[in-house]
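Engineer: Input input32.cif, format and content: mmCIF, C-alpha atoms.
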```
data_final
#
loop_
_atom_site.group_PDB
_atom_site.id
_atom_site.type_symbol
_atom_site.label_atom_id
_atom_site.label_comp_id
_atom_site.auth_asym_id
_atom_site.auth_seq_id
_atom_site.Cartn_x
_atom_site.Cartn_y
_atom_site.Cartn_z
ATOM 1 C CA MET A 1 -13.221 34.356 -8.423
ATOM 2 C CA PRO A 2 -14.110 30.950 -6.981
ATOM 3 C CA GLU A 3 -11.526 29.080 -4.961
ATOM 4 C CA PRO A 4 -9.535 26.621 -7.106
ATOM 5 C CA ALA A 5 -10.496 22.994 -6.619
ATOM 6 C CA PRO A 6 -8.131 21.147 -4.252
ATOM 7 C CA ARG A 7 -5.399 19.044 -5.837
ATOM 8 C CA GLY A 8 -2.489 17.110 -4.453
ATOM 9 C CA ILE A 9 -1.619 14.078 -2.385
ATOM 10 C CA LEU A 10 -2.835 13.603 1.180
ATOM 11 C CA LEU A 11 -1.179 11.240 3.653
ATOM 12 C CA VAL A 12 -3.629 9.969 6.270
ATOM 13 C CA ASP A 13 -2.974 7.899 9.390
ATOM 14 C CA LYS A 14 -6.032 5.642 9.391
ATOM 15 C CA PRO A 15 -7.369 4.624 12.791
ATOM 16 C CA GLY A 16 -8.546 1.114 13.548
ATOM 17 C CA GLY A 17 -12.187 0.203 13.022
ATOM 18 C CA MET A 18 -12.604 2.285 9.874
ATOM 19 C CA THR A 19 -12.550 1.097 6.289
ATOM 20 C CA SER A 20 -10.390 2.852 3.730
ATOM 21 C CA HIS A 21 -13.627 3.846 1.981
ATOM 22 C CA ASP A 22 -14.729 5.570 5.207
ATOM 23 C CA VAL A 23 -11.525 7.645 5.163
ATOM 24 C CA VAL A 24 -12.064 8.618 1.520
ATOM 25 C CA ALA A 25 -15.656 9.625 2.293
ATOM 26 C CA ARG A 26 -14.514 11.820 5.199
ATOM 27 C CA ALA A 27 -11.856 13.424 3.010
ATOM 28 C CA ARG A 28 -14.459 14.190 0.338
ATOM 29 C CA ARG A 29 -16.626 15.940 2.886
ATOM 30 C CA ALA A 30 -13.726 17.838 4.451
ATOM 31 C CA LEU A 31 -12.328 19.052 1.127
ATOM 32 C CA ASP A 32 -15.738 19.439 -0.546
ATOM 33 C CA THR A 33 -14.772 17.460 -3.625
ATOM 34 C CA ARG A 34 -15.787 14.111 -5.058
ATOM 35 C CA LYS A 35 -12.558 13.443 -6.930
ATOM 36 C CA ILE A 36 -10.528 11.565 -4.330
ATOM 37 C CA GLY A 37 -8.974 8.111 -4.641
ATOM 38 C CA HIS A 38 -6.524 5.998 -2.691
ATOM 39 C CA ALA A 39 -3.358 4.022 -3.434
ATOM 40 C CA GLY A 40 -4.176 0.735 -1.732
ATOM 41 C CA THR A 41 -6.604 -0.117 1.038
ATOM 42 C CA LEU A 42 -6.085 -1.156 4.634
ATOM 43 C CA ASP A 43 -8.347 -3.644 6.400
ATOM 44 C CA PRO A 44 -10.647 -2.135 9.065
ATOM 45 C CA MET A 45 -8.531 -3.768 11.792
ATOM 46 C CA ALA A 46 -5.346 -2.195 10.450
ATOM 47 C CA THR A 47 -4.036 1.285 11.132
ATOM 48 C CA GLY A 48 -1.498 3.497 9.455
ATOM 49 C CA LEU A 49 -0.658 5.092 6.166
ATOM 50 C CA LEU A 50 -3.209 5.688 3.452
ATOM 51 C CA VAL A 51 -2.180 7.743 0.421
ATOM 52 C CA LEU A 52 -5.056 9.735 -1.063
ATOM 53 C CA GLY A 53 -5.032 11.558 -4.385
ATOM 54 C CA VAL A 54 -7.149 14.694 -4.663
ATOM 55 C CA GLY A 55 -8.360 16.265 -7.908
ATOM 56 C CA PRO A 56 -6.042 15.817 -10.925
ATOM 57 C CA ALA A 57 -3.438 14.252 -8.624
ATOM 58 C CA THR A 58 -5.538 11.071 -8.533
ATOM 59 C CA ARG A 59 -3.750 10.257 -11.796
ATOM 60 C CA LEU A 60 -0.535 9.775 -9.818
ATOM 61 C CA LEU A 61 -1.996 7.004 -7.677
ATOM 62 C CA THR A 62 -1.262 4.368 -10.314
ATOM 63 C CA TYR A 63 2.452 5.109 -9.811
ATOM 64 C CA ILE A 64 2.183 4.886 -6.014
ATOM 65 C CA VAL A 65 0.069 1.774 -5.505
ATOM 66 C CA GLY A 66 2.834 -0.591 -6.606
ATOM 67 C CA LEU A 67 5.549 0.791 -4.325
ATOM 68 C CA ASP A 68 7.180 -1.286 -1.589
ATOM 69 C CA LYS A 69 5.642 -1.048 1.857
ATOM 70 C CA THR A 70 6.600 -1.408 5.518
ATOM 71 C CA TYR A 71 4.342 -2.876 8.181
ATOM 72 C CA GLU A 72 4.545 -3.391 11.932
ATOM 73 C CA ALA A 73 2.475 -6.354 13.063
ATOM 74 C CA THR A 74 1.710 -8.762 15.865
ATOM 75 C CA ILE A 75 1.313 -12.453 15.043
ATOM 76 C CA ARG A 76 -0.478 -14.698 17.546
ATOM 77 C CA LEU A 77 0.737 -18.288 17.427
ATOM 78 C CA GLY A 78 -1.473 -21.129 18.606
ATOM 79 C CA VAL A 79 -4.785 -20.110 17.030
ATOM 80 C CA SER A 80 -5.925 -20.112 13.395
ATOM 81 C CA THR A 81 -8.840 -18.077 12.037
ATOM 82 C CA ASP A 82 -10.793 -18.239 8.802
ATOM 83 C CA SER A 83 -9.587 -14.764 7.799
ATOM 84 C CA ASP A 84 -5.997 -15.137 9.049
ATOM 85 C CA ASP A 85 -6.581 -12.156 11.344
ATOM 86 C CA ALA A 86 -8.394 -11.293 14.552
ATOM 87 C CA ASP A 87 -11.577 -10.240 12.731
ATOM 88 C CA GLY A 88 -12.241 -13.834 11.680
ATOM 89 C CA ASP A 89 -13.678 -16.829 13.492
ATOM 90 C CA GLU A 90 -11.385 -19.272 15.245
ATOM 91 C CA THR A 91 -10.938 -22.477 13.234
ATOM 92 C CA ALA A 92 -8.287 -24.322 15.243
ATOM 93 C CA ARG A 93 -6.371 -24.068 18.523
ATOM 94 C CA ALA A 94 -3.120 -25.861 19.198
ATOM 95 C CA ALA A 95 -2.530 -27.978 22.277
ATOM 96 C CA ALA A 96 -0.801 -26.216 25.150
ATOM 97 C CA ASP A 97 2.287 -28.434 24.959
ATOM 98 C CA ALA A 98 2.689 -27.684 21.239
ATOM 99 C CA VAL A 99 2.545 -23.946 21.920
ATOM 100 C CA ALA A 100 4.992 -24.309 24.814
ATOM 101 C CA ALA A 101 7.455 -25.950 22.418
ATOM 102 C CA VAL A 102 7.564 -22.842 20.188
ATOM 103 C CA THR A 103 10.879 -21.216 21.075
ATOM 104 C CA ARG A 104 12.332 -17.969 19.817
ATOM 105 C CA ASP A 105 14.899 -19.913 17.801
ATOM 106 C CA ARG A 106 12.136 -21.841 16.033
ATOM 107 C CA ILE A 107 10.268 -18.612 15.369
ATOM 108 C CA GLU A 108 13.391 -16.978 13.944
ATOM 109 C CA ALA A 109 13.946 -19.988 11.676
ATOM 110 C CA GLY A 110 10.348 -19.863 10.483
ATOM 111 C CA VAL A 111 10.612 -16.154 9.771
ATOM 112 C CA ALA A 112 13.841 -16.683 7.841
ATOM 113 C CA ALA A 113 12.101 -19.243 5.636
ATOM 114 C CA LEU A 114 9.465 -16.629 4.754
ATOM 115 C CA THR A 115 12.036 -13.958 3.864
ATOM 116 C CA GLY A 116 13.195 -13.189 0.339
ATOM 117 C CA GLU A 117 11.343 -14.184 -2.823
ATOM 118 C CA ILE A 118 8.512 -16.508 -1.831
ATOM 119 C CA ASP A 119 5.411 -17.996 -3.412
ATOM 120 C CA GLN A 120 2.528 -16.815 -1.261
ATOM 121 C CA VAL A 121 -1.089 -17.926 -1.367
ATOM 122 C CA PRO A 122 -3.189 -14.856 -0.471
ATOM 123 C CA SER A 123 -5.729 -14.959 2.328
ATOM 124 C CA ARG A 124 -9.069 -16.431 1.283
ATOM 125 C CA VAL A 125 -10.768 -13.205 2.355
ATOM 126 C CA SER A 126 -8.526 -11.010 0.214
ATOM 127 C CA ALA A 127 -9.777 -8.596 -2.445
ATOM 128 C CA ILE A 128 -8.333 -10.708 -5.263
ATOM 129 C CA LYS A 129 -10.890 -11.512 -7.952
ATOM 130 C CA VAL A 130 -11.787 -15.127 -8.708
ATOM 131 C CA GLY A 131 -14.019 -15.546 -11.714
ATOM 132 C CA GLY A 132 -14.876 -11.860 -11.599
ATOM 133 C CA ARG A 133 -15.834 -11.860 -7.909
ATOM 134 C CA ARG A 134 -13.821 -10.774 -4.868
ATOM 135 C CA ALA A 135 -12.403 -13.658 -2.862
ATOM 136 C CA TYR A 136 -13.842 -12.238 0.356
ATOM 137 C CA ASP A 137 -17.348 -12.122 -1.166
ATOM 138 C CA LEU A 138 -17.064 -15.778 -2.162
ATOM 139 C CA ALA A 139 -15.761 -16.745 1.280
ATOM 140 C CA ARG A 140 -18.545 -14.878 3.076
ATOM 141 C CA ALA A 141 -21.090 -16.595 0.850
ATOM 142 C CA GLY A 142 -19.752 -19.928 2.041
ATOM 143 C CA GLU A 143 -18.213 -20.861 -1.296
ATOM 144 C CA GLU A 144 -14.875 -22.588 -1.580
ATOM 145 C CA VAL A 145 -12.093 -20.209 -2.545
ATOM 146 C CA GLU A 146 -8.926 -21.550 -4.102
ATOM 147 C CA LEU A 147 -6.285 -18.924 -4.768
ATOM 148 C CA THR A 148 -3.070 -19.591 -6.638
ATOM 149 C CA ALA A 149 0.293 -18.682 -5.174
ATOM 150 C CA ARG A 150 1.912 -15.444 -6.276
ATOM 151 C CA ARG A 151 5.581 -14.523 -6.209
ATOM 152 C CA VAL A 152 6.263 -11.716 -3.731
ATOM 153 C CA THR A 153 9.412 -10.392 -2.085
ATOM 154 C CA VAL A 154 9.767 -9.963 1.673
ATOM 155 C CA SER A 155 13.021 -8.051 1.949
ATOM 156 C CA ARG A 156 12.841 -7.715 5.740
ATOM 157 C CA PHE A 157 10.985 -9.861 8.258
ATOM 158 C CA ASP A 158 12.450 -9.067 11.666
ATOM 159 C CA VAL A 159 11.292 -10.341 15.027
ATOM 160 C CA LEU A 160 11.094 -7.452 17.492
ATOM 161 C CA GLY A 161 9.754 -9.357 20.465
ATOM 162 C CA VAL A 162 8.250 -12.647 21.633
ATOM 163 C CA ARG A 163 5.968 -12.982 24.654
ATOM 164 C CA LEU A 164 3.485 -15.364 26.230
ATOM 165 C CA VAL A 165 -0.130 -14.199 26.364
ATOM 166 C CA ASP A 166 -2.598 -15.722 28.837
ATOM 167 C CA THR A 167 -6.016 -15.859 27.134
ATOM 168 C CA ASP A 168 -7.744 -17.879 29.887
ATOM 169 C CA ALA A 169 -8.456 -20.614 27.367
ATOM 170 C CA ASP A 170 -6.455 -23.827 27.349
ATOM 171 C CA GLY A 171 -3.143 -22.264 28.238
ATOM 172 C CA PRO A 172 -1.089 -19.320 27.019
ATOM 173 C CA LEU A 173 -0.421 -18.377 23.404
ATOM 174 C CA VAL A 174 2.624 -16.737 21.868
ATOM 175 C CA ASP A 175 2.594 -13.219 20.452
ATOM 176 C CA VAL A 176 5.356 -12.212 18.043
ATOM 177 C CA ASP A 177 5.953 -8.551 17.195
ATOM 178 C CA VAL A 178 7.498 -8.129 13.747
ATOM 179 C CA VAL A 179 8.404 -5.540 11.144
ATOM 180 C CA VAL A 180 8.033 -6.386 7.454
ATOM 181 C CA ASP A 181 9.354 -4.705 4.310
ATOM 182 C CA CYS A 182 7.686 -6.183 1.246
ATOM 183 C CA THR A 183 6.603 -5.690 -2.312
ATOM 184 C CA SER A 184 3.120 -4.555 -3.181
ATOM 185 C CA GLY A 185 0.647 -7.420 -3.114
ATOM 186 C CA THR A 186 2.203 -9.163 -0.117
ATOM 187 C CA TYR A 187 -0.292 -10.200 2.545
ATOM 188 C CA VAL A 188 1.067 -9.909 6.080
ATOM 189 C CA ARG A 189 -1.944 -11.944 7.221
ATOM 190 C CA ALA A 190 -0.688 -14.745 5.001
ATOM 191 C CA LEU A 191 2.777 -14.464 6.560
ATOM 192 C CA ALA A 192 1.159 -14.915 9.983
ATOM 193 C CA ARG A 193 -0.830 -17.911 8.739
ATOM 194 C CA ASP A 194 2.184 -19.539 7.110
ATOM 195 C CA LEU A 195 4.494 -18.944 10.080
ATOM 196 C CA GLY A 196 1.968 -20.599 12.374
ATOM 197 C CA SER A 197 1.499 -23.461 9.934
ATOM 198 C CA ASP A 198 5.253 -24.024 9.589
ATOM 199 C CA LEU A 199 5.560 -24.157 13.384
ATOM 200 C CA GLY A 200 2.691 -26.631 13.607
ATOM 201 C CA VAL A 201 0.492 -24.488 15.860
ATOM 202 C CA GLY A 202 -1.379 -22.172 13.512
ATOM 203 C CA GLY A 203 -1.296 -18.409 13.614
ATOM 204 C CA HIS A 204 -3.133 -15.241 12.769
ATOM 205 C CA LEU A 205 -2.611 -11.492 12.814
ATOM 206 C CA THR A 206 -3.835 -9.484 15.804
ATOM 207 C CA ALA A 207 -2.401 -6.059 14.906
ATOM 208 C CA LEU A 208 -1.214 -4.428 11.702
ATOM 209 C CA ARG A 209 0.120 -0.936 11.073
ATOM 210 C CA ARG A 210 1.408 0.329 7.730
ATOM 211 C CA THR A 211 4.231 2.758 8.350
ATOM 212 C CA ARG A 212 5.589 3.363 4.859
ATOM 213 C CA ILE A 213 4.620 3.355 1.189
ATOM 214 C CA GLY A 214 7.633 4.027 -1.017
ATOM 215 C CA PRO A 215 9.166 7.342 0.127
ATOM 216 C CA PHE A 216 6.138 8.311 2.248
ATOM 217 C CA GLY A 217 6.039 7.676 5.985
ATOM 218 C CA VAL A 218 3.166 7.617 8.440
ATOM 219 C CA SER A 219 5.039 10.160 10.590
ATOM 220 C CA ASP A 220 4.119 12.763 7.949
ATOM 221 C CA ALA A 221 0.454 11.746 7.826
ATOM 222 C CA VAL A 222 -2.481 13.652 9.304
ATOM 223 C CA THR A 223 -4.840 12.174 11.860
ATOM 224 C CA GLU A 224 -7.614 14.734 11.439
ATOM 225 C CA LEU A 225 -9.340 15.654 8.173
ATOM 226 C CA ALA A 226 -10.293 19.309 7.918
ATOM 227 C CA PRO A 227 -10.933 21.784 5.057
ATOM 228 C CA ASP A 228 -7.551 23.436 5.638
ATOM 229 C CA VAL A 229 -5.549 20.196 5.653
ATOM 230 C CA GLU A 230 -2.301 20.640 3.739
ATOM 231 C CA LEU A 231 -1.876 18.656 0.547
ATOM 232 C CA MET A 232 1.458 17.640 -0.929
ATOM 233 C CA GLN A 233 1.965 19.197 -4.355
ATOM 234 C CA ASP A 234 1.678 16.730 -7.193
ATOM 235 C CA ALA A 235 5.042 17.861 -8.608
ATOM 236 C CA THR A 236 6.758 17.124 -5.286
ATOM 237 C CA VAL A 237 5.158 13.694 -5.061
ATOM 238 C CA ALA A 238 5.858 12.736 -8.664
ATOM 239 C CA THR A 239 9.495 13.767 -8.296
ATOM 240 C CA ALA A 240 9.898 11.730 -5.100
ATOM 241 C CA VAL A 241 8.402 8.630 -6.691
ATOM 242 C CA LEU A 242 9.603 8.841 -10.289
ATOM 243 C CA GLY A 243 12.513 11.268 -10.466
ATOM 244 C CA THR A 244 12.682 14.518 -12.445
ATOM 245 C CA PHE A 245 12.922 15.350 -16.132
ATOM 246 C CA GLU A 246 13.322 19.116 -16.373
ATOM 247 C CA VAL A 247 11.793 20.749 -19.439
ATOM 248 C CA THR A 248 11.732 24.257 -20.858
ATOM 249 C CA ALA A 249 8.515 26.208 -21.258
ATOM 250 C CA ASP A 250 8.500 25.379 -24.975
ATOM 251 C CA GLU A 251 9.073 21.687 -24.290
ATOM 252 C CA ALA A 252 6.300 21.716 -21.708
ATOM 253 C CA ARG A 253 3.926 23.177 -24.285
ATOM 254 C CA ASP A 254 4.943 20.547 -26.846
ATOM 255 C CA LEU A 255 4.414 17.699 -24.385
ATOM 256 C CA ARG A 256 0.952 18.998 -23.506
ATOM 257 C CA HIS A 257 0.115 19.061 -27.219
ATOM 258 C CA GLY A 258 1.228 15.473 -27.675
ATOM 259 C CA LYS A 259 4.456 16.290 -29.521
ATOM 260 C CA ARG A 260 7.702 14.426 -29.086
ATOM 261 C CA LEU A 261 10.848 16.079 -27.807
ATOM 262 C CA ILE A 262 13.225 15.148 -30.594
ATOM 263 C CA GLY A 263 16.570 13.714 -29.476
ATOM 264 C CA ALA A 264 15.853 14.320 -25.784
ATOM 265 C CA ALA A 265 16.050 10.693 -24.634
ATOM 266 C CA SER A 266 19.702 11.102 -23.626
ATOM 267 C CA ARG A 267 18.514 13.387 -20.803
ATOM 268 C CA LEU A 268 16.393 10.663 -19.203
ATOM 269 C CA SER A 269 17.769 9.243 -15.969
ATOM 270 C CA ARG A 270 14.700 7.151 -15.065
ATOM 271 C CA GLU A 271 12.272 5.044 -17.088
ATOM 272 C CA HIS A 272 9.172 7.161 -16.475
ATOM 273 C CA PRO A 273 10.221 10.443 -14.822
ATOM 274 C CA ALA A 274 8.086 13.442 -13.985
ATOM 275 C CA ALA A 275 8.378 16.305 -16.470
ATOM 276 C CA ILE A 276 8.729 19.539 -14.457
ATOM 277 C CA ASP A 277 8.572 22.961 -16.115
ATOM 278 C CA PRO A 278 10.651 26.052 -15.116
ATOM 279 C CA GLU A 279 7.891 27.135 -12.704
ATOM 280 C CA GLY A 280 8.062 23.828 -10.848
ATOM 281 C CA ARG A 281 4.773 22.526 -12.211
ATOM 282 C CA LEU A 282 4.159 18.898 -13.084
ATOM 283 C CA ILE A 283 3.517 18.658 -16.818
ATOM 284 C CA GLY A 284 3.145 14.898 -16.873
ATOM 285 C CA ILE A 285 4.969 11.584 -16.903
ATOM 286 C CA VAL A 286 7.229 10.924 -19.881
ATOM 287 C CA GLU A 287 8.942 7.958 -21.516
ATOM 288 C CA ARG A 288 11.542 7.157 -24.132
ATOM 289 C CA ARG A 289 10.465 6.589 -27.713
ATOM 290 C CA GLY A 290 13.638 5.713 -29.577
ATOM 291 C CA GLU A 291 15.865 8.782 -29.294
ATOM 292 C CA ASP A 292 12.888 10.983 -28.432
ATOM 293 C CA VAL A 293 10.788 11.674 -25.349
ATOM 294 C CA LYS A 294 7.008 11.503 -25.405
ATOM 295 C CA SER A 295 4.355 12.142 -22.786
ATOM 296 C CA LEU A 296 2.936 9.022 -21.200
ATOM 297 C CA MET A 297 0.418 10.919 -19.081
ATOM 298 C CA ASN A 298 -0.370 14.643 -19.049
ATOM 299 C CA MET A 299 -1.454 16.559 -15.979
ATOM 300 C CA ALA A 300 -3.894 19.420 -15.990
ATOM 301 C CA VAL A 301 -2.069 22.700 -15.250
ATOM 302 C CA ASP A 302 -3.818 25.349 -13.177
ATOM 303 C CA ALA A 303 -4.130 28.714 -14.862
#
```
What would the structure in this file look like if it were written as structure tokens?
Structural biologist:
Amino acid sequence: MPEPAPRGILLVDKPGGMTSHDVVARARRALDTRKIGHAGTLDPMATGLLVLGVGPATRLLTYIVGLDKTYEATIRLGVSTDSDDADGDETARAAADAVAAVTRDRIEAGVAALTGEIDQVPSRVSAIKVGGRRAYDLARAGEEVELTARRVTVSRFDVLGVRLVDTDADGPLVDVDVVVDCTSGTYVRALARDLGSDLGVGGHLTALRRTRIGPFGVSDAVTELAPDVELMQDATVATAVLGTFEVTADEARDLRHGKRLIGAASRLSREHPAAIDPEGRLIGIVERRGEDVKSLMNMAVDA
């Protein structure tokens, strides 16, 4: 019998200099399958956690992409770029005396103002669509890009260190190492830009590492992609993200056939939990329909 097609979730620690698409392409070659997707990209400059879905488990990515995230980053104060990160072209440089006036107390105050629920204008080279086109495509074509502010939540924005950096160009700059916990859709590049703007010296991101997506940490991610790489079972992942709704074998069969579980809503502890059968298999994601439970999404079950 042929080997079953791979399925599950793969945590990858992306190196710098690679696109997220490059990582997906390598995973496809390593696992010899085309059906691989990801739960949110990282810029080529950035490193850290990418969550890949393999085979039927790609259907779980929609429940992962919106999870909160943690980043470690370095913000350089004193220089602005057109991309708000080190991959862009310099657009402005603050005077040396203005940079020298940036104290740790001022930085801490600026960070505090960018913590909590904030209205953030994404970077002009973000992947947000404007009139059906990606903002970064418009920016690279030299077109003006005006993005509207979006409400995001930065639940933690901690300063880990502040240091002067001598760049041999018009005096030293200030590097600020930070850690950020935030909702999906938050741009750390925009935090760097706005912190620099608030301090009157400009700023951009020089390093970014994603260390967490929801319950998944980069410490559990692989750095090498090989055919024998271990995948997380989709049932384990769905339970970690959504919680568990245990079902009997008969209930599992009914859910697969599109039937409601009559009067079962009282057993729900989460809005959209993972239905797990007695053998530990993921049947699908379920939801309340009145007093009943109905399948929101069914998963293919290996024979």
Engineer: Between A:Leu31, A:Val162, A:Val152, A:Leu296, which is the closest to A:Ala190 once you count all atoms listed in the file?
Structural biologist: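 With all atoms listed in the file as the atom set, the closest residue is A:Val152.
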Engineer: Let me know the residues the PyMOL selection byres ((chain A and resi 32-34) around 12) catches in the file above, as a list in words.
Structural biologist: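 Selection result, ordered by chain and number: Glu3, Pro4, Ala5, Pro6, Arg7, Val24, Ala25, Arg26, Ala27, Arg28, Arg29, Ala30, Leu31, Lys35, Ile36, Gly37, Gly53, Val54, Gly55, Pro56, Thr58, Leu225, Ala226, Pro227, Asp228 and Val229 of chain A.
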Engineer: Please dump the current selection as an mmCIF file, keeping the file's coordinate frame; keep C-alpha atoms.
Structural biologist:
```cif
data_model
loop_
_atom_site.group_PDB
_atom_site.id
_atom_site.type_symbol
_atom_site.label_atom_id
_atom_site.label_comp_id
_atom_site.auth_asym_id
_atom_site.auth_seq_id
_atom_site.Cartn_x
_atom_site.Cartn_y
_atom_site.Cartn_z
ATOM 1 C CA GLU A 3 -11.526 29.080 -4.961
ATOM 2 C CA PRO A 4 -9.535 26.621 -7.106
ATOM 3 C CA ALA A 5 -10.496 22.994 -6.619
ATOM 4 C CA PRO A 6 -8.131 21.147 -4.252
ATOM 5 C CA ARG A 7 -5.399 19.044 -5.837
ATOM 6 C CA VAL A 24 -12.064 8.618 1.520
ATOM 7 C CA ALA A 25 -15.656 9.625 2.293
ATOM 8 C CA ARG A 26 -14.514 11.820 5.199
ATOM 9 C CA ALA A 27 -11.856 13.424 3.010
ATOM 10 C CA ARG A 28 -14.459 14.190 0.338
ATOM 11 C CA ARG A 29 -16.626 15.940 2.886
ATOM 12 C CA ALA A 30 -13.726 17.838 4.451
ATOM 13 C CA LEU A 31 -12.328 19.052 1.127
ATOM 14 C CA LYS A 35 -12.558 13.443 -6.930
ATOM 15 C CA ILE A 36 -10.528 11.565 -4.330
ATOM 16 C CA GLY A 37 -8.974 8.111 -4.641
ATOM 17 C CA GLY A 53 -5.032 11.558 -4.385
ATOM 18 C CA VAL A 54 -7.149 14.694 -4.663
ATOM 19 C CA GLY A 55 -8.360 16.265 -7.908
ATOM 20 C CA PRO A 56 -6.042 15.817 -10.925
ATOM 21 C CA THR A 58 -5.538 11.071 -8.533
ATOM 22 C CA LEU A 225 -9.340 15.654 8.173
ATOM 23 C CA ALA A 226 -10.293 19.309 7.918
ATOM 24 C CA PRO A 227 -10.933 21.784 5.057
ATOM 25 C CA ASP A 228 -7.551 23.436 5.638
ATOM 26 C CA VAL A 229 -5.549 20.196 5.653
#
```
Engineer: Once the PyMOL selection byres ((chain A and resi 61) around 10) has been evaluated on this model, what residues remain selected, and can you format them as a PyMOL selection string?
Structural biologist: chain A and resi 9+37-40+51-54+57-60+62-66+238
Engineer: Please determine the residues with any atom at most 9 Å from (4.4, 11.7, 1.3) (coordinates as given in the file, with all atoms listed in the file counting) and report them as number ranges by chain.
Structural biologist: A: 9-11, 51, 213-218, 220-221, 232, 236-237, 240
Engineer: Selection from above, C-alpha atoms, as an mmCIF file, in the frame of the given file, can you write it?
Structural biologist:
```cif
data_model
loop_
_atom_site.group_PDB
_atom_site.id
_atom_site.type_symbol
_atom_site.label_atom_id
_atom_site.label_comp_id
_atom_site.auth_asym_id
_atom_site.auth_seq_id
_atom_site.Cartn_x
_atom_site.Cartn_y
_atom_site.Cartn_z
ATOM 1 C CA ILE A 9 -1.619 14.078 -2.385
ATOM 2 C CA LEU A 10 -2.835 13.603 1.180
ATOM 3 C CA LEU A 11 -1.179 11.240 3.653
ATOM 4 C CA VAL A 51 -2.180 7.743 0.421
ATOM 5 C CA ILE A 213 4.620 3.355 1.189
ATOM 6 C CA GLY A 214 7.633 4.027 -1.017
ATOM 7 C CA PRO A 215 9.166 7.342 0.127
ATOM 8 C CA PHE A 216 6.138 8.311 2.248
ATOM 9 C CA GLY A 217 6.039 7.676 5.985
ATOM 10 C CA VAL A 218 3.166 7.617 8.440
ATOM 11 C CA ASP A 220 4.119 12.763 7.949
ATOM 12 C CA ALA A 221 0.454 11.746 7.826
ATOM 13 C CA MET A 232 1.458 17.640 -0.929
ATOM 14 C CA THR A 236 6.758 17.124 -5.286
ATOM 15 C CA VAL A 237 5.158 13.694 -5.061
ATOM 16 C CA ALA A 240 9.898 11.730 -5.100
#
```
Engineer: Box in all listed atoms of stretch 241-251 of chain A, axis-aligned, with 5 Å more on each side; write out centre and edge lengths in Å to one decimal as lines of an AutoDock Vina configuration file.
Structural biologist:
```
center_x = 10.9
center_y = 17.4
center_z = -15.8
size_x = 14.9
size_y = 27.6
size_z = 28.3
```
